[in-house]
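As provided, protein-v6.cif (mmCIF, C-alpha atoms) reads as follows.
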data_my_file
loop_
_atom_site.group_PDB
_atom_site.id
_atom_site.type_symbol
_atom_site.label_atom_id
_atom_site.label_comp_id
_atom_site.auth_asym_id
_atom_site.auth_seq_id
_atom_site.Cartn_x
_atom_site.Cartn_y
_atom_site.Cartn_z
ATOM 1 C CA MET A 283 107.047 119.496 92.177
ATOM 2 C CA ILE A 284 105.575 120.536 95.509
ATOM 3 C CA PRO A 285 103.392 117.706 96.894
ATOM 4 C CA LEU A 286 99.688 118.453 97.242
ATOM 5 C CA CYS A 287 97.745 117.109 100.218
ATOM 6 C CA LEU A 288 93.980 116.928 99.729
ATOM 7 C CA PRO A 289 90.986 115.566 101.640
ATOM 8 C CA ALA A 290 90.161 112.001 100.545
ATOM 9 C CA THR A 291 86.855 112.938 98.932
ATOM 10 C CA LEU A 292 85.711 112.669 95.309
ATOM 11 C CA ASP A 293 85.681 116.487 95.074
ATOM 12 C CA SER A 294 89.502 116.317 95.214
ATOM 13 C CA LEU A 295 89.692 114.472 91.868
ATOM 14 C CA ASP A 296 89.482 117.806 90.076
ATOM 15 C CA GLU A 297 92.515 119.240 91.929
ATOM 16 C CA ILE A 298 94.447 115.993 91.399
ATOM 17 C CA GLY A 299 93.645 116.231 87.680
ATOM 18 C CA LYS A 300 94.944 119.804 87.552
ATOM 19 C CA TYR A 301 98.156 118.721 89.312
ATOM 20 C CA ILE A 302 98.716 115.992 86.703
ATOM 21 C CA VAL A 303 98.029 118.396 83.829
ATOM 22 C CA ALA A 304 100.605 120.817 85.320
ATOM 23 C CA ALA A 305 103.130 117.971 85.700
ATOM 24 C CA THR A 306 102.665 116.638 82.155
ATOM 25 C CA THR A 307 102.885 120.169 80.763
ATOM 26 C CA GLU A 308 106.108 120.822 82.668
ATOM 27 C CA ALA A 309 107.519 117.456 81.512
ATOM 28 C CA LYS A 310 106.475 118.284 77.913
ATOM 29 C CA LEU A 311 104.643 114.988 77.589
ATOM 30 C CA GLU A 312 102.618 114.604 74.399
ATOM 31 C CA THR A 313 98.815 114.697 74.481
ATOM 32 C CA LYS A 314 98.148 110.944 74.363
ATOM 33 C CA PRO A 315 100.558 109.833 77.139
ATOM 34 C CA ALA A 316 99.596 112.912 79.181
ATOM 35 C CA TYR A 317 95.943 111.865 79.007
ATOM 36 C CA GLY A 318 96.833 108.241 79.814
ATOM 37 C CA LEU A 319 98.662 109.345 82.956
ATOM 38 C CA ARG A 320 95.838 111.655 84.060
ATOM 39 C CA LEU A 321 93.328 108.846 83.556
ATOM 40 C CA ALA A 322 95.482 106.314 85.440
ATOM 41 C CA VAL A 323 95.938 108.646 88.427
ATOM 42 C CA ASP A 324 92.216 109.540 88.444
ATOM 43 C CA GLU A 325 91.273 105.832 88.488
ATOM 44 C CA ILE A 326 93.582 104.961 91.393
ATOM 45 C CA ALA A 327 92.645 108.108 93.345
ATOM 46 C CA THR A 328 88.982 107.127 92.886
ATOM 47 C CA ASN A 329 89.718 103.638 94.277
ATOM 48 C CA ILE A 330 91.599 105.085 97.251
ATOM 49 C CA ILE A 331 88.846 107.578 98.079
ATOM 50 C CA THR A 332 85.946 105.180 97.506
ATOM 51 C CA HIS A 333 87.279 101.912 98.947
ATOM 52 C CA GLY A 334 89.931 103.210 101.347
ATOM 53 C CA TYR A 335 87.902 105.989 102.928
ATOM 54 C CA GLU A 336 84.235 106.532 101.987
ATOM 55 C CA GLU A 337 83.135 102.879 102.241
ATOM 56 C CA THR A 338 84.912 102.441 105.575
ATOM 57 C CA GLY A 339 83.618 105.731 107.008
ATOM 58 C CA LYS A 340 87.200 106.845 107.551
ATOM 59 C CA ALA A 341 88.327 110.437 106.993
ATOM 60 C CA GLY A 342 91.818 111.298 105.805
ATOM 61 C CA ASN A 343 93.980 112.747 103.101
ATOM 62 C CA VAL A 344 95.567 111.727 99.869
ATOM 63 C CA THR A 345 98.875 113.230 98.801
ATOM 64 C CA VAL A 346 99.946 113.584 95.195
ATOM 65 C CA SER A 347 103.536 114.341 94.300
ATOM 66 C CA GLY A 348 105.488 114.521 91.071
ATOM 67 C CA GLU A 349 109.118 114.215 90.101
ATOM 68 C CA ILE A 350 110.562 115.038 86.708
ATOM 69 C CA THR A 351 114.007 113.768 85.737
ATOM 70 C CA ASP A 352 115.815 113.771 82.389
ATOM 71 C CA SER A 353 114.238 110.452 81.463
ATOM 72 C CA SER A 354 110.919 110.182 83.288
ATOM 73 C CA LEU A 355 107.953 111.746 85.011
ATOM 74 C CA THR A 356 106.864 109.933 88.166
ATOM 75 C CA ILE A 357 103.654 110.610 90.058
ATOM 76 C CA VAL A 358 103.085 109.143 93.517
ATOM 77 C CA LEU A 359 99.768 108.889 95.368
ATOM 78 C CA GLU A 360 100.006 108.210 99.094
ATOM 79 C CA ASP A 361 97.231 107.584 101.602
ATOM 80 C CA SER A 362 96.605 106.057 105.008
ATOM 81 C CA GLY A 363 93.344 104.325 104.138
ATOM 82 C CA ILE A 364 92.935 100.567 104.382
ATOM 83 C CA PRO A 365 95.731 98.645 102.597
ATOM 84 C CA PHE A 366 94.587 98.045 99.044
ATOM 85 C CA ASP A 367 96.673 96.658 96.198
ATOM 86 C CA PRO A 368 94.996 97.656 92.911
ATOM 87 C CA LEU A 369 97.001 94.974 91.125
ATOM 88 C CA SER A 370 95.079 92.334 93.099
ATOM 89 C CA ARG A 371 91.960 93.257 91.073
ATOM 90 C CA LYS A 372 90.983 90.865 88.307
ATOM 91 C CA LEU A 373 91.419 92.411 84.875
ATOM 92 C CA PRO A 374 88.668 91.986 82.293
ATOM 93 C CA SER A 375 89.576 89.358 79.680
ATOM 94 C CA GLU A 376 89.493 90.071 75.944
ATOM 95 C CA ASP A 377 86.219 88.090 75.761
ATOM 96 C CA GLU A 378 84.686 90.160 78.573
ATOM 97 C CA LEU A 379 85.718 93.392 76.821
ATOM 98 C CA ASN A 380 83.880 92.204 73.711
ATOM 99 C CA LEU A 381 80.627 91.408 75.535
ATOM 100 C CA PRO A 382 77.594 93.549 74.724
ATOM 101 C CA LEU A 383 77.018 96.235 77.358
ATOM 102 C CA GLU A 384 73.810 94.611 78.596
ATOM 103 C CA GLU A 385 75.818 91.524 79.612
ATOM 104 C CA ARG A 386 78.828 93.268 81.077
ATOM 105 C CA ASP A 387 80.013 93.249 84.629
ATOM 106 C CA ILE A 388 80.280 96.787 85.946
ATOM 107 C CA GLY A 389 83.744 96.441 87.565
ATOM 108 C CA GLY A 390 87.387 95.870 86.643
ATOM 109 C CA LEU A 391 87.731 98.584 83.986
ATOM 110 C CA GLY A 392 89.577 101.070 86.190
ATOM 111 C CA ILE A 393 92.769 99.096 86.754
ATOM 112 C CA PHE A 394 92.660 97.976 83.111
ATOM 113 C CA LEU A 395 92.794 101.651 82.044
ATOM 114 C CA VAL A 396 95.598 102.331 84.545
ATOM 115 C CA LEU A 397 97.832 99.651 83.068
ATOM 116 C CA LYS A 398 97.023 100.746 79.505
ATOM 117 C CA GLY A 399 97.751 104.399 80.265
ATOM 118 C CA VAL A 400 101.195 104.402 81.871
ATOM 119 C CA ASP A 401 104.658 103.029 81.102
ATOM 120 C CA SER A 402 104.917 101.509 84.548
ATOM 121 C CA PHE A 403 102.753 101.212 87.638
ATOM 122 C CA SER A 404 103.658 99.830 91.048
ATOM 123 C CA TYR A 405 102.071 99.546 94.465
ATOM 124 C CA GLU A 406 103.516 99.044 97.924
ATOM 125 C CA PHE A 407 102.245 99.300 101.487
ATOM 126 C CA ILE A 408 105.002 100.888 103.494
ATOM 127 C CA ASN A 409 105.122 102.602 106.916
ATOM 128 C CA GLY A 410 101.350 102.260 107.254
ATOM 129 C CA LYS A 411 100.700 103.918 103.908
ATOM 130 C CA ASN A 412 99.496 102.849 100.474
ATOM 131 C CA ARG A 413 101.925 104.074 97.858
ATOM 132 C CA ASN A 414 100.859 103.992 94.209
ATOM 133 C CA MET A 415 103.549 104.987 91.734
ATOM 134 C CA PHE A 416 103.049 105.878 88.060
ATOM 135 C CA THR A 417 105.969 106.407 85.687
ATOM 136 C CA MET A 418 106.050 107.823 82.178
ATOM 137 C CA ASN A 419 109.190 107.669 80.060
ATOM 138 C CA LEU A 420 110.043 110.994 78.494
ATOM 139 C CA PRO A 421 110.365 110.898 74.710
ATOM 140 C CA GLY A 422 113.801 110.310 73.279
ATOM 141 C CA LYS A 423 115.382 110.096 76.691
ATOM 142 C CA ALA A 424 114.348 106.695 78.126
ATOM 143 C CA MET B 57 87.353 120.431 84.395
ATOM 144 C CA ALA B 58 83.736 120.917 85.449
ATOM 145 C CA PHE B 59 81.035 118.644 84.110
ATOM 146 C CA ASP B 60 77.575 119.209 82.742
ATOM 147 C CA ALA B 61 74.968 116.895 81.207
ATOM 148 C CA GLN B 62 71.878 118.264 79.476
ATOM 149 C CA LEU B 63 68.946 116.163 78.305
ATOM 150 C CA ALA B 64 66.685 116.998 75.369
ATOM 151 C CA MET B 65 63.849 114.606 74.434
ATOM 152 C CA ALA B 66 62.299 114.726 70.961
ATOM 153 C CA ASP B 67 60.343 112.042 69.090
ATOM 154 C CA HIS B 68 61.232 109.454 71.753
ATOM 155 C CA ILE B 69 64.940 110.086 71.178
ATOM 156 C CA ALA B 70 66.908 111.081 74.263
ATOM 157 C CA LYS B 71 69.806 113.366 73.400
ATOM 158 C CA ILE B 72 72.267 114.103 76.163
ATOM 159 C CA THR B 73 75.019 116.681 75.698
ATOM 160 C CA LEU B 74 78.055 115.892 77.817
ATOM 161 C CA ILE B 75 80.525 118.659 78.617
ATOM 162 C CA GLY B 76 83.810 118.672 80.518
ATOM 163 C CA SER B 77 85.241 115.923 82.670
ATOM 164 C CA LEU B 78 83.326 112.713 83.435
ATOM 165 C CA ASP B 79 84.832 110.748 86.295
ATOM 166 C CA ALA B 80 83.699 109.416 89.683
ATOM 167 C CA SER B 81 82.971 112.900 91.005
ATOM 168 C CA SER B 82 80.648 113.763 88.097
ATOM 169 C CA ALA B 83 79.263 110.289 87.198
ATOM 170 C CA PRO B 84 76.339 110.603 89.685
ATOM 171 C CA ARG B 85 75.088 113.665 87.746
ATOM 172 C CA PHE B 86 75.308 111.724 84.450
ATOM 173 C CA LYS B 87 73.474 108.775 86.059
ATOM 174 C CA GLU B 88 70.745 111.150 87.253
ATOM 175 C CA VAL B 89 70.222 112.410 83.688
ATOM 176 C CA ILE B 90 70.160 108.833 82.345
ATOM 177 C CA GLU B 91 67.452 107.989 84.895
ATOM 178 C CA GLU B 92 65.525 111.114 83.923
ATOM 179 C CA ALA B 93 65.694 109.967 80.274
ATOM 180 C CA ALA B 94 64.853 106.313 81.064
ATOM 181 C CA VAL B 95 61.490 107.153 82.680
ATOM 182 C CA GLN B 96 60.425 108.681 79.360
ATOM 183 C CA SER B 97 61.027 105.310 77.613
ATOM 184 C CA PRO B 98 63.201 106.531 74.748
ATOM 185 C CA THR B 99 63.734 104.366 71.673
ATOM 186 C CA LYS B 100 67.279 105.684 71.213
ATOM 187 C CA LEU B 101 69.904 107.303 73.394
ATOM 188 C CA VAL B 102 72.187 109.810 71.663
ATOM 189 C CA LEU B 103 75.203 111.051 73.586
ATOM 190 C CA LEU B 104 76.730 114.209 72.156
ATOM 191 C CA MET B 105 80.367 114.126 73.236
ATOM 192 C CA ASP B 106 82.115 116.833 71.168
ATOM 193 C CA SER B 107 82.822 118.796 74.331
ATOM 194 C CA LEU B 108 83.593 115.881 76.644
ATOM 195 C CA ASP B 109 87.327 116.110 77.245
ATOM 196 C CA PHE B 110 87.866 113.425 79.890
ATOM 197 C CA LEU B 111 86.231 110.035 80.435
ATOM 198 C CA ALA B 112 87.104 107.679 83.285
ATOM 199 C CA SER B 113 85.760 104.205 84.079
ATOM 200 C CA ALA B 114 83.043 105.674 86.322
ATOM 201 C CA GLY B 115 81.577 107.256 83.169
ATOM 202 C CA LEU B 116 81.866 103.967 81.274
ATOM 203 C CA ARG B 117 79.978 102.252 84.099
ATOM 204 C CA VAL B 118 77.116 104.747 83.666
ATOM 205 C CA LEU B 119 76.968 103.756 79.973
ATOM 206 C CA ILE B 120 76.658 100.103 81.037
ATOM 207 C CA PHE B 121 73.988 101.195 83.531
ATOM 208 C CA ALA B 122 72.155 103.079 80.746
ATOM 209 C CA LYS B 123 72.075 100.029 78.484
ATOM 210 C CA GLN B 124 70.925 97.760 81.307
ATOM 211 C CA LYS B 125 68.325 100.262 82.534
ATOM 212 C CA MET B 126 66.858 101.140 79.113
ATOM 213 C CA GLY B 127 67.115 97.640 77.660
ATOM 214 C CA ALA B 128 69.116 95.992 74.892
ATOM 215 C CA GLY B 129 66.617 97.276 72.297
ATOM 216 C CA VAL B 130 67.502 100.909 72.929
ATOM 217 C CA ASP B 131 70.467 101.718 70.671
ATOM 218 C CA ILE B 132 73.132 104.023 72.033
ATOM 219 C CA TYR B 133 74.835 106.521 69.727
ATOM 220 C CA VAL B 134 78.106 108.164 70.742
ATOM 221 C CA VAL B 135 78.479 111.255 68.599
ATOM 222 C CA GLY B 136 81.457 113.587 68.120
ATOM 223 C CA SER B 137 83.765 111.723 70.449
ATOM 224 C CA GLN B 138 87.408 112.100 69.508
ATOM 225 C CA GLY B 139 91.034 111.701 70.587
ATOM 226 C CA PRO B 140 91.770 109.981 73.887
ATOM 227 C CA VAL B 141 88.071 109.841 74.911
ATOM 228 C CA LEU B 142 87.257 107.840 71.791
ATOM 229 C CA ALA B 143 90.382 105.722 72.350
ATOM 230 C CA THR B 144 89.171 104.888 75.879
ATOM 231 C CA LEU B 145 85.783 103.758 74.536
ATOM 232 C CA GLU B 146 87.458 101.569 71.915
ATOM 233 C CA MET B 147 90.074 100.149 74.277
ATOM 234 C CA SER B 148 87.274 99.121 76.647
ATOM 235 C CA GLY B 149 85.349 97.372 73.860
ATOM 236 C CA PHE B 150 82.396 99.774 73.938
ATOM 237 C CA HIS B 151 82.569 100.306 70.165
ATOM 238 C CA HIS B 152 81.110 96.787 69.814
ATOM 239 C CA SER B 153 77.907 97.872 71.565
ATOM 240 C CA VAL B 154 77.305 101.490 70.591
ATOM 241 C CA TYR B 155 77.151 103.344 67.290
ATOM 242 C CA ILE B 156 80.125 105.681 67.087
ATOM 243 C CA GLN B 157 79.523 108.615 64.743
ATOM 244 C CA GLU B 158 81.095 111.973 63.937
ATOM 245 C CA THR B 159 77.681 113.571 63.492
ATOM 246 C CA TYR B 160 74.349 112.009 64.383
ATOM 247 C CA VAL B 161 72.835 109.908 61.620
ATOM 248 C CA GLU B 162 70.107 107.435 62.459
ATOM 249 C CA ALA B 163 71.331 103.888 61.679
#

Target encoding structure tokens, full file:
Amino acid sequence: MIPLCLPATLDSLDEIGKYIVAATTEAKLETKPAYGLRLAVDEIATNIITHGYEETGKAGNVTVSGEITDSSLTIVLEDSGIPFDPLSRKLPSEDELNLPLEERDIGGLGIFLVLKGVDSFSYEFINGKNRNMFTMNLPGKA
Amino acid sequence: MAFDAQLAMADHIAKITLIGSLDASSAPRFKEVIEEAAVQSPTKLVLLMDSLDFLASAGLRVLIFAKQKMGAGVDIYVVGSQGPVLATLEMSGFHHSVYIQETYVEA
């Protein structure tokens, strides 16, 4: 798929979402995994835009690209914001997930949803860029 | 994928209809409506989610905010939520703290 380069602002989440819907439709992914992938990409894009750009006062772009093979759909998000490994975030424990809302910490849910939503997720910082990669196995082919 | 949140207050019950996609770009609008409801000291918060087709963690954080802002005594009802949106709420443990219903029935 043709990569899409967008300004690193929250308004771009909508366009990123549409790109993922187009990719999952083209890959013929079923509704549940398609939603999981869209959610995972939305969560990481939000982190990139919020922590990598808006909080640091930096302007820039985020690029989303997709590749469909016989066995998988891979989405890559790339940005030049501050290096940030989402996997370094602490995941909520089972006990924390069971806490009543009035006692819950407000963070940590995003990366939890990422890991629940995709078949594999990886992060690397390479050539001055954050590279977040999401892979979905295609049914009956993996 | 646009988002809209509409508040209707009746008998101290705040009903908010959520439509479209709720993520970090739309969560501030949802938070605004929660604040608008909170100042009217509702006894219950009913979220009508039949037409909410996407829910990210930013939306979940507004639900936590709502509970903390309105107080533990204000019950939250999530009504009409289905499919992956409902799955996200359950996966995140929110079903332990809110009433999940197909149609609104006072518990």

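Using only C-alpha atoms, the contacts of B:Phe59 at a cut-off of 12 Å, with sequence neighbours closer than 5 positions omitted, comprise Asp296 of chain A; Thr73, Leu74, Ile75, Gly76, Ser77, Leu78, Asp79, Ala80, Ser81, Ser82, Ala83, Pro84, Arg85, Phe86, Met105, Ser107, Leu108, Asp109, Phe110, Leu111 and Gly115 of chain B.
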
Query - Residues of chain B within 12 Å of chain A, counting only C-alpha atoms, as a PyMOL selection string - result: chain B and resi 57-59+76-84+109-132+138-154

Please produce a file of those selected residues containing C-alpha atoms, as a short mmCIF file (atom, residue, chain, number, x, y, z; two decimals), in the coordinates of the input.
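Written file, again_18.cif:
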data_model
loop_
_atom_site.label_atom_id
_atom_site.label_comp_id
_atom_site.auth_asym_id
_atom_site.auth_seq_id
_atom_site.Cartn_x
_atom_site.Cartn_y
_atom_site.Cartn_z
CA MET B 57 87.35 120.43 84.40
CA ALA B 58 83.74 120.92 85.45
CA PHE B 59 81.04 118.64 84.11
CA GLY B 76 83.81 118.67 80.52
CA SER B 77 85.24 115.92 82.67
CA LEU B 78 83.33 112.71 83.44
CA ASP B 79 84.83 110.75 86.30
CA ALA B 80 83.70 109.42 89.68
CA SER B 81 82.97 112.90 91.00
CA SER B 82 80.65 113.76 88.10
CA ALA B 83 79.26 110.29 87.20
CA PRO B 84 76.34 110.60 89.68
CA ASP B 109 87.33 116.11 77.24
CA PHE B 110 87.87 113.42 79.89
CA LEU B 111 86.23 110.04 80.44
CA ALA B 112 87.10 107.68 83.28
CA SER B 113 85.76 104.20 84.08
CA ALA B 114 83.04 105.67 86.32
CA GLY B 115 81.58 107.26 83.17
CA LEU B 116 81.87 103.97 81.27
CA ARG B 117 79.98 102.25 84.10
CA VAL B 118 77.12 104.75 83.67
CA LEU B 119 76.97 103.76 79.97
CA ILE B 120 76.66 100.10 81.04
CA PHE B 121 73.99 101.20 83.53
CA ALA B 122 72.16 103.08 80.75
CA LYS B 123 72.08 100.03 78.48
CA GLN B 124 70.92 97.76 81.31
CA LYS B 125 68.32 100.26 82.53
CA MET B 126 66.86 101.14 79.11
CA GLY B 127 67.11 97.64 77.66
CA ALA B 128 69.12 95.99 74.89
CA GLY B 129 66.62 97.28 72.30
CA VAL B 130 67.50 100.91 72.93
CA ASP B 131 70.47 101.72 70.67
CA ILE B 132 73.13 104.02 72.03
CA GLN B 138 87.41 112.10 69.51
CA GLY B 139 91.03 111.70 70.59
CA PRO B 140 91.77 109.98 73.89
CA VAL B 141 88.07 109.84 74.91
CA LEU B 142 87.26 107.84 71.79
CA ALA B 143 90.38 105.72 72.35
CA THR B 144 89.17 104.89 75.88
CA LEU B 145 85.78 103.76 74.54
CA GLU B 146 87.46 101.57 71.92
CA MET B 147 90.07 100.15 74.28
CA SER B 148 87.27 99.12 76.65
CA GLY B 149 85.35 97.37 73.86
CA PHE B 150 82.40 99.77 73.94
CA HIS B 151 82.57 100.31 70.17
CA HIS B 152 81.11 96.79 69.81
CA SER B 153 77.91 97.87 71.56
CA VAL B 154 77.31 101.49 70.59
#

Query raised in the report: Quick one: which residues end up in the PyMOL selection byres ((chain A and resi 365-370) around 12) for this structure, as a PyMOL selection string?
Result: chain A and resi 322-323+325-335+338+360-364+371-373+390-397+403-415

Query raised in the report: So how far away is atom CA of B:His68 from atom CA of B:Leu103, in Å?
Result: 14.2 Å

Report task. Mind giving me the straight-line distance from atom CA of A:Leu359 to atom CA of A:Asn343 in Å, one decimal? Result ->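 Separation of atom CA of A:Leu359 and atom CA of A:Asn343: 10.4 Å.
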
Requested in this report: May I ask for the distance between atom CA of A:Pro289 and atom CA of A:Ala309, given in Å to one decimal place?
Outcome: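 That distance, rounded to one decimal, is 26.1 Å.
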
Requested in this report: Carefully work through the PyMOL selection byres ((chain A and resi 347) around 12) for this structure and note down the residues it includes, as a PyMOL selection string.
Outcome: chain A and resi 283-288+298+301-302+304-305+323+344-346+348-350+355-361+413-417

Export of prior selection with C-alpha atoms as a JSON list (two decimals), in the frame of the given file:
[["chain", "number", "residue", "atom", "x", "y", "z"],
["A", 283, "MET", "CA", 107.05, 119.50, 92.18],
["A", 284, "ILE", "CA", 105.58, 120.54, 95.51],
["A", 285, "PRO", "CA", 103.39, 117.71, 96.89],
["A", 286, "LEU", "CA", 99.69, 118.45, 97.24],
["A", 287, "CYS", "CA", 97.74, 117.11, 100.22],
["A", 288, "LEU", "CA", 93.98, 116.93, 99.73],
["A", 298, "ILE", "CA", 94.45, 115.99, 91.40],
["A", 301, "TYR", "CA", 98.16, 118.72, 89.31],
["A", 302, "ILE", "CA", 98.72, 115.99, 86.70],
["A", 304, "ALA", "CA", 100.60, 120.82, 85.32],
["A", 305, "ALA", "CA", 103.13, 117.97, 85.70],
["A", 323, "VAL", "CA", 95.94, 108.65, 88.43],
["A", 344, "VAL", "CA", 95.57, 111.73, 99.87],
["A", 345, "THR", "CA", 98.88, 113.23, 98.80],
["A", 346, "VAL", "CA", 99.95, 113.58, 95.20],
["A", 348, "GLY", "CA", 105.49, 114.52, 91.07],
["A", 349, "GLU", "CA", 109.12, 114.22, 90.10],
["A", 350, "ILE", "CA", 110.56, 115.04, 86.71],
["A", 355, "LEU", "CA", 107.95, 111.75, 85.01],
["A", 356, "THR", "CA", 106.86, 109.93, 88.17],
["A", 357, "ILE", "CA", 103.65, 110.61, 90.06],
["A", 358, "VAL", "CA", 103.08, 109.14, 93.52],
["A", 359, "LEU", "CA", 99.77, 108.89, 95.37],
["A", 360, "GLU", "CA", 100.01, 108.21, 99.09],
["A", 361, "ASP", "CA", 97.23, 107.58, 101.60],
["A", 413, "ARG", "CA", 101.92, 104.07, 97.86],
["A", 414, "ASN", "CA", 100.86, 103.99, 94.21],
["A", 415, "MET", "CA", 103.55, 104.99, 91.73],
["A", 416, "PHE", "CA", 103.05, 105.88, 88.06],
["A", 417, "THR", "CA", 105.97, 106.41, 85.69]]

Calculate, to one decimal in Å, the centre and edge lengths of the box along x, y and z of the file that holds all listed atoms of stretch 133-143 of chain B with 5 Å of margin on each side, and present them as JSON.
{"center_x": 83.3, "center_y": 109.7, "center_z": 71.5, "size_x": 26.9, "size_y": 17.9, "size_z": 16.8}
